[in-house]
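Structure, as structure tokens:
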Amino acid sequence: MLNEKMIGLGSAPNDIRALFAYGLARKAEIGEDKVFDFSIGNPSVPAPAEVSATIKRLLDEEDPVALHSYTPSPGRFETRKAVADHLSRHFDIAAKPEQVYITSGASSSLAISFKAVACEGEEVIVPSPYFTEYKTWVEATGASIVEVPCLEPSFQLDVPAIEAAITPRTAAIVVNSPNNPVGAVYTKESLERLAAVLARKEQEFGTSIYLIADEPYRAITYGKEVPFIPTIYARTILCYSFSKTLSLPGERLGFIYVSDLMENPQETTYAIQGAGRSLGYICCSALWQRVLEECIELPTDVEAYRVNREILTKGLSELGYEYVEPNGAFYLWVKALEPDAVAFSNRAKDFELLFCPSDGFGGKGWFRLSYCIARETIENSLPAFAALKKAYDDQA
């Protein structure tokens, strides 16, 4: 017998990727310049030149047998040390390589972390709106997701609501800052209040509540500081990806860091390693681990995203659209022109505008624009946004 739940997941793919596939087909049909695709967070900034240079040198100079051999399941010690040293340098902690697990991007980091800390019948709290696949990965563990809406219009954490949602079955809470899809950066004050609540609830229930920090956009900000959560809440598992920061989404490269500040880091690390083993997420690409060792300190090129952000927000503001000013990542959270965001997004296709309705992110009445695309696409899309707005104004 086939697994019916897996059939369901396979036959109904992630809405973002389904829209991205639609966009590719539509571009092939009518021309790439006629489709304004804001669907997926695929960086338009090229990877740093040092990345290509490192790959070429490794391929030219290293023993090919050694270069392409298996690594230990959690990753090369040298790679894990490079990550630990990077964290120690930037965040004034004493991170150990033994607490690092190299992964194939943030997706596997999160799936592993959920599997490590959540058991059948337990709950994982997710502030909403949130990245669509959290639900899939949490439910794969046998746990259930508990959505807690963020405060509007700031979309900061609603700490009292989170506290009310915590029960003896709460295994973890996920915090994604800078946030996808909104672009909010959670303040240090709200994170400190959250940490106090989690500690108080652990004491009340006699349980352990993990904070899973999902941080693929940490380096993409517009003037706001992103607090380092492990120094705020000790029982933190940090999930990171280089897909966005080094513009390497297709290479699937990331890591998990189990905070050394918690009282049981070794046991938690064993759970991470066991979860990786059980899911088959072991031995991340040996070549890319070697590249990471040499390129981990390369800076992220944020300027192109900053310019795109300004062009898009200015253009939409002049047209009368309402949005949340993004302080990080490269997404714009915009108010739909009707309550049904799915219907609105479908209507936008008539104007060749492709963007994701908020329903898939656990919200209602908004849509997400991914602005990590060509600047010309954003500029050329504004007449289409104007025409879409006029169509709604005319029927009002």
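Lettering and numbering for the structure tokens are positional, with chains as A, B, ... in the shown order, residues counted from 1 in each chain, and ligands counted from 1 in the shown order.
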Which of range 178-334 of chain A DSSP labels helix (DSSP H, G or I), written as a PyMOL selection string: chain A and resi 188-205+229-231+249-251+265-279+286-295+303-319
Item to complete: Check range 250-319 of chain A with DSSP on the backbone and list each residue it calls strand (DSSP E or B), as number ranges by chain.
Response: A: 254-258
With only C-alpha atoms counted and 12 Å as the cut-off, give the residues of range 338-388 of chain A in contact with range 172-191 of chain A, each with its shortest interatomic distance in Å and the pair that gives it, as CSV.
```
residue,atom,partner,partner_atom,distance
A:Phe355,CA,A:Pro181,CA,11.6
A:Cys356,CA,A:Pro181,CA,9.6
A:Pro357,CA,A:Pro181,CA,10.4
A:Ser358,CA,A:Pro181,CA,8.6
A:Asp359,CA,A:Pro181,CA,11.4
A:Gly360,CA,A:Pro181,CA,10.3
A:Phe361,CA,A:Pro181,CA,7.4
A:Gly362,CA,A:Pro181,CA,10.3
A:Gly363,CA,A:Pro181,CA,10.3
A:Trp366,CA,A:Val182,CA,9.9
A:Phe367,CA,A:Pro181,CA,8.8
A:Arg368,CA,A:Pro181,CA,6.3
A:Leu369,CA,A:Pro181,CA,8.4
A:Ser370,CA,A:Pro181,CA,8.6
A:Tyr371,CA,A:Gly183,CA,11.4
```
Keeping all heavy atoms for every residue in the selection just given, could you write it to a file as a CSV table (one decimal), in the first residue's frame?
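Saved result, result29.csv, follows:
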```
chain,number,residue,atom,x,y,z
A,355,PHE,N,2.0,36.4,-8.0
A,355,PHE,CA,2.4,36.6,-6.6
A,355,PHE,C,1.6,35.6,-5.8
A,355,PHE,O,0.6,35.1,-6.2
A,355,PHE,CB,2.3,38.0,-6.1
A,355,PHE,CG,1.1,38.7,-6.5
A,355,PHE,CD1,-0.1,38.4,-5.9
A,355,PHE,CD2,1.0,39.8,-7.4
A,355,PHE,CE1,-1.3,39.0,-6.2
A,355,PHE,CE2,-0.1,40.5,-7.7
A,355,PHE,CZ,-1.3,40.1,-7.1
A,356,CYS,N,2.1,35.4,-4.5
A,356,CYS,CA,1.5,34.4,-3.6
A,356,CYS,C,0.5,35.0,-2.7
A,356,CYS,O,0.8,35.9,-1.9
A,356,CYS,CB,2.7,33.7,-2.8
A,356,CYS,SG,3.9,33.0,-3.9
A,357,PRO,N,-0.7,34.4,-2.7
A,357,PRO,CA,-1.7,34.9,-1.7
A,357,PRO,C,-1.3,34.5,-0.3
A,357,PRO,O,-0.6,33.5,-0.1
A,357,PRO,CB,-3.0,34.2,-2.2
A,357,PRO,CG,-2.5,33.0,-2.9
A,357,PRO,CD,-1.2,33.3,-3.5
A,358,SER,N,-1.8,35.2,0.7
A,358,SER,CA,-1.4,35.1,2.1
A,358,SER,C,-2.0,33.8,2.7
A,358,SER,O,-1.4,33.3,3.7
A,358,SER,CB,-1.9,36.3,2.9
A,358,SER,OG,-3.3,36.4,2.8
A,359,ASP,N,-3.0,33.2,2.1
A,359,ASP,CA,-3.6,32.0,2.7
A,359,ASP,C,-2.6,30.9,3.0
A,359,ASP,O,-2.6,30.2,4.0
A,359,ASP,CB,-4.7,31.5,1.8
A,359,ASP,CG,-5.8,32.5,1.6
A,359,ASP,OD1,-5.5,33.6,1.1
A,359,ASP,OD2,-7.0,32.2,2.0
A,360,GLY,N,-1.6,30.7,2.0
A,360,GLY,CA,-0.6,29.7,2.2
A,360,GLY,C,0.4,30.0,3.3
A,360,GLY,O,1.1,29.1,3.7
A,361,PHE,N,0.4,31.2,3.8
A,361,PHE,CA,1.3,31.6,4.8
A,361,PHE,C,0.6,31.7,6.2
A,361,PHE,O,1.2,32.2,7.1
A,361,PHE,CB,2.0,32.9,4.5
A,361,PHE,CG,2.8,33.0,3.2
A,361,PHE,CD1,2.2,33.5,2.1
A,361,PHE,CD2,4.0,32.4,3.2
A,361,PHE,CE1,3.0,33.5,0.9
A,361,PHE,CE2,4.8,32.4,2.0
A,361,PHE,CZ,4.2,33.0,0.9
A,362,GLY,N,-0.6,31.3,6.2
A,362,GLY,CA,-1.4,31.3,7.5
A,362,GLY,C,-2.0,32.7,7.7
A,362,GLY,O,-2.2,33.1,8.9
A,363,GLY,N,-2.3,33.4,6.7
A,363,GLY,CA,-2.9,34.8,6.8
A,363,GLY,C,-4.0,35.0,5.9
A,363,GLY,O,-4.2,34.2,4.9
A,366,TRP,N,-3.9,39.3,2.3
A,366,TRP,CA,-2.6,39.9,1.9
A,366,TRP,C,-2.0,39.1,0.8
A,366,TRP,O,-2.5,38.0,0.4
A,366,TRP,CB,-1.6,39.9,3.1
A,366,TRP,CG,-2.0,40.8,4.2
A,366,TRP,CD1,-2.9,40.4,5.2
A,366,TRP,CD2,-1.6,42.1,4.6
A,366,TRP,NE1,-3.0,41.4,6.2
A,366,TRP,CE2,-2.2,42.4,5.8
A,366,TRP,CE3,-0.7,43.0,4.0
A,366,TRP,CZ2,-2.0,43.7,6.4
A,366,TRP,CZ3,-0.5,44.2,4.6
A,366,TRP,CH2,-1.1,44.5,5.8
A,367,PHE,N,-1.0,39.6,0.2
A,367,PHE,CA,-0.2,38.8,-0.8
A,367,PHE,C,1.3,39.1,-0.6
A,367,PHE,O,1.6,40.2,-0.2
A,367,PHE,CB,-0.7,39.0,-2.2
A,367,PHE,CG,-0.6,40.3,-2.8
A,367,PHE,CD1,0.5,40.7,-3.5
A,367,PHE,CD2,-1.6,41.3,-2.6
A,367,PHE,CE1,0.6,42.0,-4.1
A,367,PHE,CE2,-1.5,42.6,-3.2
A,367,PHE,CZ,-0.4,42.9,-3.9
A,368,ARG,N,2.1,38.2,-1.1
A,368,ARG,CA,3.6,38.4,-0.9
A,368,ARG,C,4.2,38.6,-2.3
A,368,ARG,O,4.0,37.8,-3.3
A,368,ARG,CB,4.2,37.1,-0.3
A,368,ARG,CG,5.7,37.3,0.0
A,368,ARG,CD,6.4,36.0,0.3
A,368,ARG,NE,6.7,35.3,-0.9
A,368,ARG,CZ,7.5,34.2,-1.0
A,368,ARG,NH1,8.0,33.7,0.1
A,368,ARG,NH2,7.7,33.6,-2.1
A,369,LEU,N,5.0,39.6,-2.4
A,369,LEU,CA,5.8,39.9,-3.6
A,369,LEU,C,7.3,39.6,-3.3
A,369,LEU,O,7.8,40.1,-2.3
A,369,LEU,CB,5.7,41.4,-4.0
A,369,LEU,CG,4.3,41.8,-4.5
A,369,LEU,CD1,4.4,43.3,-4.7
A,369,LEU,CD2,3.9,41.1,-5.7
A,370,SER,N,7.9,38.8,-4.0
A,370,SER,CA,9.4,38.5,-3.9
A,370,SER,C,10.1,39.4,-4.8
A,370,SER,O,10.0,39.3,-6.1
A,370,SER,CB,9.7,37.0,-4.2
A,370,SER,OG,11.1,36.8,-4.2
A,371,TYR,N,10.9,40.4,-4.3
A,371,TYR,CA,11.5,41.4,-5.1
A,371,TYR,C,13.0,41.1,-5.4
A,371,TYR,O,13.7,42.0,-5.7
A,371,TYR,CB,11.3,42.8,-4.6
A,371,TYR,CG,11.7,43.1,-3.2
A,371,TYR,CD1,13.0,43.4,-2.9
A,371,TYR,CD2,10.8,43.1,-2.1
A,371,TYR,CE1,13.4,43.7,-1.6
A,371,TYR,CE2,11.1,43.4,-0.8
A,371,TYR,CZ,12.5,43.7,-0.6
A,371,TYR,OH,12.8,44.0,0.7
```
Report the distance between CA of Leu19 in chain A and CA of Pro383 in chain A in Å, rounded to one decimal place.
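CA of Leu19 in chain A sits 21.3 Å away from CA of Pro383 in chain A.
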Write out as CSV a residue-level contact list of range 199-232 of chain A versus range 81-102 of chain A with cut-off 12 Å: for each qualifying residue the closest pair of atoms and the distance in Å to one decimal, counting only C-alpha atoms, rows sorted by chain and residue number upward.
```
residue,atom,partner,partner_atom,distance
A:Ala219,CA,A:His90,CA,11.8
A:Val226,CA,A:Phe91,CA,11.1
A:Pro227,CA,A:Phe91,CA,9.5
A:Phe228,CA,A:Phe91,CA,7.1
A:Ile229,CA,A:Phe91,CA,10.1
A:Pro230,CA,A:Ile93,CA,9.2
A:Thr231,CA,A:Ile93,CA,8.1
A:Ile232,CA,A:Phe91,CA,11.7
```
Exercise: range 247-255 of chain A partners within 6 Å, only C-alpha atoms, chain neighbours under 2 positions left out, as a PyMOL selection string: chain A and resi 43+47+101-106+240-245
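Using only C-alpha atoms, the residues found no farther than 9 Å from Glu163 in chain A, other than those of its own chain fewer than 4 positions away, are Asp158, Val159, Thr167, Leu194, Val197, Leu198 and Lys201 of chain A.
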Go ahead and save the residues from that selection, with all heavy atoms, as a short mmCIF file (atom, residue, chain, number, x, y, z; two decimals), in the first residue's frame.
```cif
data_model
loop_
_atom_site.label_atom_id
_atom_site.label_comp_id
_atom_site.auth_asym_id
_atom_site.auth_seq_id
_atom_site.Cartn_x
_atom_site.Cartn_y
_atom_site.Cartn_z
N ASP A 158 3.33 38.50 19.12
CA ASP A 158 2.31 38.75 20.13
C ASP A 158 2.62 37.83 21.31
O ASP A 158 2.11 36.70 21.40
CB ASP A 158 0.92 38.46 19.55
CG ASP A 158 -0.20 38.87 20.49
OD1 ASP A 158 0.06 39.04 21.70
OD2 ASP A 158 -1.35 39.03 20.02
N VAL A 159 3.48 38.30 22.20
CA VAL A 159 3.99 37.43 23.26
C VAL A 159 2.88 36.96 24.20
O VAL A 159 2.84 35.78 24.57
CB VAL A 159 5.13 38.14 24.03
CG1 VAL A 159 5.62 37.26 25.18
CG2 VAL A 159 6.29 38.43 23.07
N THR A 167 1.10 24.91 26.13
CA THR A 167 0.49 23.87 26.95
C THR A 167 1.58 22.86 27.35
O THR A 167 2.71 22.95 26.88
CB THR A 167 -0.62 23.11 26.18
OG1 THR A 167 0.00 22.24 25.21
CG2 THR A 167 -1.55 24.08 25.46
N LEU A 194 9.65 36.95 25.13
CA LEU A 194 9.33 35.58 24.75
C LEU A 194 10.19 34.60 25.54
O LEU A 194 9.68 33.58 26.05
CB LEU A 194 9.57 35.38 23.25
CG LEU A 194 9.41 33.94 22.73
CD1 LEU A 194 7.98 33.46 22.91
CD2 LEU A 194 9.81 33.86 21.26
N VAL A 197 8.87 34.15 28.98
CA VAL A 197 7.64 33.35 28.97
C VAL A 197 7.98 31.86 28.83
O VAL A 197 7.44 31.01 29.56
CB VAL A 197 6.71 33.79 27.82
CG1 VAL A 197 5.65 32.73 27.54
CG2 VAL A 197 6.05 35.12 28.16
N LEU A 198 8.88 31.53 27.92
CA LEU A 198 9.24 30.12 27.71
C LEU A 198 9.86 29.53 28.98
O LEU A 198 9.54 28.40 29.37
CB LEU A 198 10.19 29.99 26.53
CG LEU A 198 9.64 30.41 25.16
CD1 LEU A 198 10.71 30.23 24.08
CD2 LEU A 198 8.39 29.63 24.79
N LYS A 201 7.11 28.98 31.54
CA LYS A 201 6.25 27.85 31.20
C LYS A 201 6.98 26.52 31.38
O LYS A 201 6.36 25.52 31.76
CB LYS A 201 5.74 27.99 29.77
CG LYS A 201 4.67 29.08 29.61
CD LYS A 201 3.43 28.74 30.41
CE LYS A 201 2.33 29.76 30.21
NZ LYS A 201 1.10 29.43 30.97
#
```
A straight line from CA of Ile256 in chain A to CA of Leu238 in chain A spans 5.6 Å
Could you build a table of the residues in range 39-65 of chain A lying no more than 12 Å from range 299-317 of chain A, giving for each the nearest pair of atoms and their separation in Å rounded to one decimal place, using only C-alpha atoms, ordered by chain and ascending residue number, as a tab-separated table?
```
residue	atom	partner	partner_atom	distance
A:Gly41	CA	A:Tyr305	CA	11.6
A:Asn42	CA	A:Tyr305	CA	11.9
A:Pro43	CA	A:Tyr305	CA	9.1
A:Ser44	CA	A:Ala304	CA	8.6
A:Val45	CA	A:Ala304	CA	7.2
A:Pro46	CA	A:Asp301	CA	9.0
A:Ala47	CA	A:Asp301	CA	9.0
A:Pro48	CA	A:Thr300	CA	8.5
A:Ala49	CA	A:Pro299	CA	11.6
A:Glu50	CA	A:Pro299	CA	11.0
A:Val51	CA	A:Pro299	CA	11.8
```
Discussion item. With distances taken over only C-alpha atoms, which residue among A:Gly274, A:Glu352, A:Val324, A:Asn264 lies nearest Gly31 in chain A?
Written reply: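 Nearest candidate to Gly31 in chain A out of A:Gly274, A:Glu352, A:Val324, A:Asn264: A:Glu352.
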10 Å contact set for range 345-349 of chain A, only C-alpha atoms, chain neighbours under 2 positions out, as a PDB file with N, CA and C atoms, in the first residue's frame:
```pdb
ATOM      1  N   GLY A  23       4.669  30.194 -13.975  1.00  0.00           N
ATOM      2  CA  GLY A  23       5.352  31.339 -14.563  1.00  0.00           C
ATOM      3  C   GLY A  23       6.334  30.931 -15.645  1.00  0.00           C
ATOM      4  N   VAL A  35       5.864  38.647 -18.617  1.00  0.00           N
ATOM      5  CA  VAL A  35       5.371  38.029 -17.383  1.00  0.00           C
ATOM      6  C   VAL A  35       6.129  38.630 -16.208  1.00  0.00           C
ATOM      7  N   PHE A  36       5.389  39.055 -15.176  1.00  0.00           N
ATOM      8  CA  PHE A  36       5.980  39.723 -14.009  1.00  0.00           C
ATOM      9  C   PHE A  36       5.878  38.774 -12.816  1.00  0.00           C
ATOM     10  N   ASP A  37       6.931  37.980 -12.662  1.00  0.00           N
ATOM     11  CA  ASP A  37       6.906  36.862 -11.716  1.00  0.00           C
ATOM     12  C   ASP A  37       7.550  37.253 -10.389  1.00  0.00           C
ATOM     13  N   ALA A 336      -4.285  42.873  -0.111  1.00  0.00           N
ATOM     14  CA  ALA A 336      -5.049  42.555  -1.319  1.00  0.00           C
ATOM     15  C   ALA A 336      -6.197  43.555  -1.482  1.00  0.00           C
ATOM     16  N   LEU A 337      -6.669  43.708  -2.710  1.00  0.00           N
ATOM     17  CA  LEU A 337      -7.729  44.670  -2.998  1.00  0.00           C
ATOM     18  C   LEU A 337      -9.124  44.079  -2.809  1.00  0.00           C
ATOM     19  N   GLU A 338      -9.180  42.869  -2.296  1.00  0.00           N
ATOM     20  CA  GLU A 338     -10.444  42.258  -1.875  1.00  0.00           C
ATOM     21  C   GLU A 338     -10.125  41.293  -0.745  1.00  0.00           C
ATOM     22  N   ASP A 340     -10.667  38.147  -0.319  1.00  0.00           N
ATOM     23  CA  ASP A 340     -10.208  36.824  -0.745  1.00  0.00           C
ATOM     24  C   ASP A 340      -8.897  36.976  -1.511  1.00  0.00           C
ATOM     25  N   ALA A 341      -7.778  36.723  -0.821  1.00  0.00           N
ATOM     26  CA  ALA A 341      -6.465  36.919  -1.445  1.00  0.00           C
ATOM     27  C   ALA A 341      -6.211  35.928  -2.565  1.00  0.00           C
ATOM     28  N   VAL A 342      -6.779  34.728  -2.463  1.00  0.00           N
ATOM     29  CA  VAL A 342      -6.597  33.731  -3.534  1.00  0.00           C
ATOM     30  C   VAL A 342      -7.298  34.197  -4.804  1.00  0.00           C
ATOM     31  N   ALA A 343      -8.535  34.672  -4.656  1.00  0.00           N
ATOM     32  CA  ALA A 343      -9.271  35.183  -5.815  1.00  0.00           C
ATOM     33  C   ALA A 343      -8.557  36.396  -6.408  1.00  0.00           C
ATOM     34  N   PHE A 351      -3.370  40.007 -15.681  1.00  0.00           N
ATOM     35  CA  PHE A 351      -2.472  41.126 -15.978  1.00  0.00           C
ATOM     36  C   PHE A 351      -1.012  40.650 -16.001  1.00  0.00           C
ATOM     37  N   GLU A 352      -0.834  39.332 -16.024  1.00  0.00           N
ATOM     38  CA  GLU A 352       0.483  38.673 -16.036  1.00  0.00           C
ATOM     39  C   GLU A 352       1.296  38.982 -14.781  1.00  0.00           C
ATOM     40  N   LEU A 353       0.606  39.238 -13.681  1.00  0.00           N
ATOM     41  CA  LEU A 353       1.243  39.452 -12.388  1.00  0.00           C
ATOM     42  C   LEU A 353       1.140  38.161 -11.574  1.00  0.00           C
ATOM     43  N   LEU A 354       2.285  37.648 -11.154  1.00  0.00           N
ATOM     44  CA  LEU A 354       2.304  36.395 -10.408  1.00  0.00           C
ATOM     45  C   LEU A 354       2.854  36.643  -9.009  1.00  0.00           C
ATOM     46  N   PHE A 355       2.007  36.447  -8.010  1.00  0.00           N
ATOM     47  CA  PHE A 355       2.440  36.578  -6.621  1.00  0.00           C
ATOM     48  C   PHE A 355       1.628  35.641  -5.754  1.00  0.00           C
ATOM     49  N   CYS A 356       2.086  35.433  -4.515  1.00  0.00           N
ATOM     50  CA  CYS A 356       1.535  34.400  -3.643  1.00  0.00           C
ATOM     51  C   CYS A 356       0.503  34.975  -2.681  1.00  0.00           C
ATOM     52  N   PRO A 357      -0.703  34.422  -2.664  1.00  0.00           N
ATOM     53  CA  PRO A 357      -1.703  34.886  -1.700  1.00  0.00           C
ATOM     54  C   PRO A 357      -1.321  34.496  -0.284  1.00  0.00           C
ATOM     55  N   SER A 358      -1.830  35.250   0.672  1.00  0.00           N
ATOM     56  CA  SER A 358      -1.432  35.065   2.069  1.00  0.00           C
ATOM     57  C   SER A 358      -1.953  33.788   2.690  1.00  0.00           C
ATOM     58  N   TRP A 366      -3.885  39.312   2.325  1.00  0.00           N
ATOM     59  CA  TRP A 366      -2.614  39.906   1.899  1.00  0.00           C
ATOM     60  C   TRP A 366      -2.026  39.092   0.755  1.00  0.00           C
ATOM     61  N   PHE A 367      -0.957  39.594   0.176  1.00  0.00           N
ATOM     62  CA  PHE A 367      -0.187  38.791  -0.778  1.00  0.00           C
ATOM     63  C   PHE A 367       1.285  39.139  -0.648  1.00  0.00           C
ATOM     64  N   ARG A 368       2.137  38.175  -1.058  1.00  0.00           N
ATOM     65  CA  ARG A 368       3.582  38.360  -0.950  1.00  0.00           C
ATOM     66  C   ARG A 368       4.212  38.582  -2.320  1.00  0.00           C
ATOM     67  N   ALA A 384       1.146  47.258 -14.948  1.00  0.00           N
ATOM     68  CA  ALA A 384       0.215  46.152 -14.723  1.00  0.00           C
ATOM     69  C   ALA A 384      -0.447  46.278 -13.354  1.00  0.00           C
ATOM     70  N   PHE A 385       0.325  46.669 -12.335  1.00  0.00           N
ATOM     71  CA  PHE A 385      -0.270  46.902 -11.016  1.00  0.00           C
ATOM     72  C   PHE A 385      -1.277  48.051 -11.071  1.00  0.00           C
ATOM     73  N   ALA A 387      -3.076  48.872 -13.702  1.00  0.00           N
ATOM     74  CA  ALA A 387      -4.263  48.370 -14.399  1.00  0.00           C
ATOM     75  C   ALA A 387      -5.092  47.471 -13.493  1.00  0.00           C
ATOM     76  N   LEU A 388      -4.430  46.670 -12.672  1.00  0.00           N
ATOM     77  CA  LEU A 388      -5.138  45.812 -11.718  1.00  0.00           C
ATOM     78  C   LEU A 388      -5.897  46.666 -10.709  1.00  0.00           C
ATOM     79  N   LYS A 389      -5.252  47.699 -10.206  1.00  0.00           N
ATOM     80  CA  LYS A 389      -5.912  48.594  -9.244  1.00  0.00           C
ATOM     81  C   LYS A 389      -7.100  49.294  -9.895  1.00  0.00           C
ATOM     82  N   ALA A 391      -8.951  48.226 -12.330  1.00  0.00           N
ATOM     83  CA  ALA A 391     -10.035  47.256 -12.518  1.00  0.00           C
ATOM     84  C   ALA A 391     -10.878  47.128 -11.263  1.00  0.00           C
TER      85      ALA A 391
END
```
Practice task
Might you pull out every residue within 8 Å of Ile16 in chain A, with only C-alpha atoms counted and same-chain residues fewer than 2 positions away left off, and present them as an NGL selection string?
Solution key: :A and (14 or 18-20 or 39-40 or 356)
**Asked** Pick from A:Trp288, A:Trp333, A:Gly328, A:Ile125: nearest to Glu225 in chain A, with only C-alpha atoms counted?
**Response**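 Checking each candidate against Glu225 in chain A, we get A:Gly328 as the closest.
Using only C-alpha atoms for every distance, the candidate list A:Ala195, A:Ile209, A:His68, A:Cys239 yields A:His68 as the residue closest to Cys283 in chain A.
Residues in contact with range 58-62 of chain A at 12 Å, where only C-alpha atoms are counted and same-chain residues fewer than 6 positions away are skipped, are listed as Val51, Ser52, His68, Ser69, Ala286, Leu287, Trp288, Gln289, Arg290, Val291, Leu292, Glu293 and Glu294 of chain A.
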Worksheet item: In Å to one decimal, how far is CA of Ile373 in chain A from CA of Ala329 in chain A?
Response: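 Spanning CA of Ala329 in chain A to CA of Ile373 in chain A is a straight-line distance of 12.9 Å.
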Looking at only C-alpha atoms, which of A:Ala118, A:Ala12, A:Cys295, A:Leu2 is the one that sits closest to Thr54 in chain A?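 Closest to Thr54 in chain A, using only C-alpha atoms: A:Cys295.
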